[in-house]
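**Student:** Let me give you the structure first, and then I'll get to my questions.
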Amino acid sequence: MKAKDIVTSEKEEQQDKKKPERPQKPNAQPPLEFNDIRITQPGKAAAGLKGITVALNHIVSEMGPGGLRTMLKLNQMKGFDCPGCAWPDPDEKRSFLAEYCENGAKAVAEEATKKRADPEFFKKHSIYELSQWSDHELGKSGRITHPMVLYEGKEHYEPIPWDDAFSMIAKKLKASSHPDKAIFYTSGRTSNEAAFLYQLFVRQYGTNNLPDCSNMCHESSGAALAMTLGIGKGSVTLDDFNKAEVIVIIGQNPGTNHPRMLIALEEAKRHGAKIIAANPLPEVGLMKFKNPQGTSMINGGTDLTDLFLQVRINGDVPLLKAIMKLMYEEEEKKPGTVFDHDFIQEKTTGYEALLEDLKSASFEDLVNVCGVSPDKIREAADLLVRHDRIIVCWAMGLTQHKNGVQNIQEIVNLLLLRGSIGKPGAGTCPVRGHSNVQGDRTMGIWELPKPEFLDKLQDHFNFDPPRKHGYDTVAAIEAMAEGKADFFFAMGGNFLSATPDTEYTARALMKCDLTVQVSTKPNRSHLIHGKEALILPCLGRSERDIQASGEQFVSVENSMGVVHQSRGDRTPASEHLLSEPMIVARLAEAVLGSSSTVDWQHMVTNYDHIRDAVEAVIPGFENYNERVRKDGGFYLPNGAREGRFNTRDGKAHFTVNEVPRHQLKAGEYIMMTIRSHDQFNTTIYGLDDRYRGVHNERRVVFMNPGDMAEAGLKKEQVVDLHSHFQGEERVAYRFLVVPFDIPRRCVATYFPEANVLVPIKSKADYSRTPASKSVVVTIRASQE
């Protein structure tokens, strides 16, 4: 190169530096690059020595050796509640060394990590650059230490004082033409105290736009149970598992999603219970458990499932209906020996209509639709005919379908026939996926508040709460996309990665004037933002919360309606963090000012004041402050548990539910999204799914080997997934085919990678839960 050319190049380089930086569009989806995948045989047993090793590695690598001291406080009576799933703790005796599971250890290690995403981190990495990172890499960046702001046209977040951040939000909300243009989302990790304050602030502001993560998971359960039994919660307690004769686990993978449930199942087996598992995948956690604290780890593990029913995706209604038809036939042969007629006559309605439906159904047709062999269905029916202390457990495998509500109603039908609700060792058990998602709803986080709840708010706080129903999660996304909402506030969570139709949701969020995320660590929702964006960093569940009156604790409600305290003891990750209740209080002061009837600072000076207000507004919280301080907390009232059904007529309701039928064309499959063993919701702890034999990769699609051969696809071949809904097509690029034991014409993929395929308008009837488990797809060899 000549000297003249060098001078010219230097001049051009200097000119380029003077040009304004051209913003690049950040990626809403995880990157498409592969890692070095390794496929092995699926695991043989859940937990065991491997689980201990993995948990310890996460604890030490993130928290250092001192992290083991923190783990001794996890799920203990005076300790802090796991930020993971909502499985209940034992009422009395708890393990001194480890009252937690592998995934609980990962959750705490992620929160209590020594790594920090401080202002220098955001100065170094632009929004576009961070969007090229995987969700795993983003989560490993560390704890956010300061409030951060992204001004319009900028490519980097920068620190902002707390007062300025609240002023920025207040300016936007005060200038809005109507309160309904603002959306206030809630994650299931939010405590009772924060949730109650949050909904109070939002309703004083003037809207019921309070979508939450329940809209995307167990909303179908709540809707179905409320309609049929009068309460949108499960009816069993943990002790009921020790009294059950048969436990049915359907559409749930406890070994990965709720690992401590395996201890309850092992104990139930010890007491003689039989376990029926129905699921499209033969998950390791359904089959065998090596209890890290029991003799089963030494002697080869405890066999859990006595009868496995490999049902097709969304074949649950025909499976349950086929079982009930066989039960009805046995009842006809031996009247009064199968159905609990006294219970049915006294406590229920709709029995005759259900019998007519069972009579008219073809057993052969039901078998064909559900995909389970007649012999196995007969075996399941025989177990249920011979026992009446029956618990049925379920999760997202049932709720995230167009017919999600009907799936749960069919479970209720089966239990009502046997009189198996409202007695020891029997009842409904929806297993919640986040540690306080049930408590948040109890506190009033709901877009469809009941009039009596609003009346109580009005009486106690002397204001007129809005009565118009608000947006649920799907409606909120559509409102932002259509310009009906222009402000989005998320109390925790990773909204973009948790919701359906990723690209549509991303465009919706980017139409907002301001998006605000209350967070502990970086996630993809920070990168897909409105014209301006704020990140408000909060305390973690394991951290000490000091307010004006001294150290505070919060409370949560688990899957079985137990309210108990959670008290962190770690030094906060940064002196600039605020607790969630304090964030809400200061936000309310900034937005509402003197017009509010609430003394917000009084509320957060001592969280007892918040709990006093809860007691005054919400039934079942009498003597809240006294009872929550007792070891183990207290149970909320539950009519169904006691054999009382608070429906419109005081009866439990049988329902008639149509069999869902997927008319697949040639080359089409039903896809469901699932978690790997190395994730909790949208938090990716690692890249291994050892229970399914997939290591160091997430962009995979599990297929039946017969379907692979028929489609001409090979193991680890790169393919694109195309979803089809009402004439629309969506594409998820670059997935690796993994052969697996899954029913024909069914495939499975991890979320959030496959969320882009879930149409925004494909949702459950009544509950409007996204149908993430019923996506029609075609699979094509990738052309890229």
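Going through the structure tokens in order, the chains are called A, B, and so on, while each chain numbers its residues from 1 and the ligands are numbered from 1 in the order shown.
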Each residue of range 45-116 of chain A with at least one atom at most 7 Å from range 432-436 of chain A should appear once, together with its nearest atom pair and the corresponding distance in Å (one decimal); atoms considered: only C-alpha atoms; ordering: chain, then increasing residue number; output as JSON lines.

**Tutor:**
```
{"residue": "A:Cys82", "atom": "CA", "partner": "A:Ser435", "partner_atom": "CA", "distance": 6.9}
{"residue": "A:Pro83", "atom": "CA", "partner": "A:Ser435", "partner_atom": "CA", "distance": 5.7}
{"residue": "A:Gly84", "atom": "CA", "partner": "A:Ser435", "partner_atom": "CA", "distance": 5.5}
{"residue": "A:Cys85", "atom": "CA", "partner": "A:His434", "partner_atom": "CA", "distance": 4.4}
{"residue": "A:Ala86", "atom": "CA", "partner": "A:Ser435", "partner_atom": "CA", "distance": 4.0}
```

**Student:** Would you give me, as JSON lines, each residue of range 115-153 of chain A having an atom within 10 Å of an atom of range 678-699 of chain A, along with its shortest atom pair and that distance in Å to one decimal, using only C-alpha atoms and sorting by chain and residue number?

**Tutor:**
```
{"residue": "A:Ser134", "atom": "CA", "partner": "A:Ile684", "partner_atom": "CA", "distance": 9.2}
{"residue": "A:Asp135", "atom": "CA", "partner": "A:Ile684", "partner_atom": "CA", "distance": 6.4}
{"residue": "A:His136", "atom": "CA", "partner": "A:Ile684", "partner_atom": "CA", "distance": 4.9}
{"residue": "A:Glu137", "atom": "CA", "partner": "A:Ile684", "partner_atom": "CA", "distance": 8.6}
{"residue": "A:Leu138", "atom": "CA", "partner": "A:Ile684", "partner_atom": "CA", "distance": 9.1}
{"residue": "A:Gly139", "atom": "CA", "partner": "A:Thr683", "partner_atom": "CA", "distance": 6.9}
{"residue": "A:Lys140", "atom": "CA", "partner": "A:Tyr685", "partner_atom": "CA", "distance": 8.2}
```

**Student:** I need the strand (DSSP E or B) residues of range 174-390 of chain A per DSSP on the backbone, written as a list of chain:residue names.

**Tutor:**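 Restricting range 174-390 of chain A to strand (DSSP E or B) produces A:Ala182, A:Ile183, A:Phe184, A:Tyr185, A:Thr186, A:Asp212, A:Val246, A:Ile247, A:Val248, A:Ile249, A:Ile250, A:Lys274, A:Ile275, A:Ile276, A:Ala277, A:Ala278, A:Lys288, A:Phe289, A:Lys290, A:Thr302, A:Asp303, A:Leu307, A:Phe308, A:Leu309, A:Thr348, A:Thr349, A:Ile390.
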
**Student:** Only C-alpha atoms, please: the residues just picked out, written as a PDB file, in the first residue's frame.

**Tutor:**
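See result.pdb below for the written result:
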```pdb
ATOM      1  CA  ALA A 182     -50.633   1.765  30.643  1.00  0.00           C
ATOM      2  CA  ILE A 183     -49.938  -1.932  31.268  1.00  0.00           C
ATOM      3  CA  PHE A 184     -48.581  -3.294  34.567  1.00  0.00           C
ATOM      4  CA  TYR A 185     -47.326  -6.878  34.335  1.00  0.00           C
ATOM      5  CA  THR A 186     -46.369  -9.095  37.292  1.00  0.00           C
ATOM      6  CA  ASP A 212     -49.475 -11.671  35.006  1.00  0.00           C
ATOM      7  CA  VAL A 246     -53.656 -43.585  43.578  1.00  0.00           C
ATOM      8  CA  ILE A 247     -51.786 -40.532  42.300  1.00  0.00           C
ATOM      9  CA  VAL A 248     -52.274 -39.559  38.660  1.00  0.00           C
ATOM     10  CA  ILE A 249     -49.604 -37.284  37.156  1.00  0.00           C
ATOM     11  CA  ILE A 250     -50.746 -35.985  33.795  1.00  0.00           C
ATOM     12  CA  LYS A 274     -49.914 -46.493  43.051  1.00  0.00           C
ATOM     13  CA  ILE A 275     -48.796 -43.901  40.515  1.00  0.00           C
ATOM     14  CA  ILE A 276     -50.214 -43.484  37.021  1.00  0.00           C
ATOM     15  CA  ALA A 277     -48.260 -41.138  34.734  1.00  0.00           C
ATOM     16  CA  ALA A 278     -49.689 -39.866  31.444  1.00  0.00           C
ATOM     17  CA  LYS A 288     -37.265 -43.435  38.977  1.00  0.00           C
ATOM     18  CA  PHE A 289     -35.924 -41.241  41.775  1.00  0.00           C
ATOM     19  CA  LYS A 290     -32.653 -41.464  43.677  1.00  0.00           C
ATOM     20  CA  THR A 302     -37.253 -45.801  43.884  1.00  0.00           C
ATOM     21  CA  ASP A 303     -39.432 -46.826  40.940  1.00  0.00           C
ATOM     22  CA  LEU A 307     -48.419 -47.466  34.909  1.00  0.00           C
ATOM     23  CA  PHE A 308     -47.169 -45.186  32.139  1.00  0.00           C
ATOM     24  CA  LEU A 309     -49.675 -43.989  29.540  1.00  0.00           C
ATOM     25  CA  THR A 348     -72.968 -32.240  42.466  1.00  0.00           C
ATOM     26  CA  THR A 349     -74.988 -31.308  39.426  1.00  0.00           C
ATOM     27  CA  ILE A 390     -57.197 -40.325  44.295  1.00  0.00           C
TER      28      ILE A 390
END
```

**Student:** If we count only C-alpha atoms and set the cut-off at 12 Å, which residues sit around Phe495 in chain A, ignoring sequence neighbours fewer than 3 positions away in its own chain? Please answer as a PyMOL selection string.

**Tutor:** chain A and resi 28+184-188+211-213+215-216+473-474+476-477+488-492+498-502+505-506+508-509+515-519+523-529+681-683+752+755

**Student:** What is the distance between CA of Pro179 in chain A and CA of Ala194 in chain A, in Å to one decimal?

**Tutor:**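 Straight-line distance from CA of Pro179 in chain A to CA of Ala194 in chain A works out to 20.8 Å.
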
**Student:** Select from range 493-579 of chain A everything DSSP, run on the backbone, classes as helix (DSSP H, G or I), then give the selection as a count of residues only.

**Tutor:** 16

**Student:** Which residue is closest to Ala45 in chain A? Choose from A:Ile127, A:Ile323, A:Leu304, A:Val563 and count only C-alpha atoms.

**Tutor:**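 Under the stated criterion, the closest residue is A:Leu304.
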
**Student:** Here is a test: counting only C-alpha atoms, which residue of A:Leu326, A:Leu713, A:Ile674, A:Leu514 is nearest to Val747 in chain A?

**Tutor:**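 Answer, going by the shortest atom-to-atom distance: A:Ile674.
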
**Student:** Using only C-alpha atoms, find the one residue out of A:Ala754, A:Glu219, A:Gly255, A:Gly470 that sits nearest to Gly232 in chain A.

**Tutor:** A:Glu219
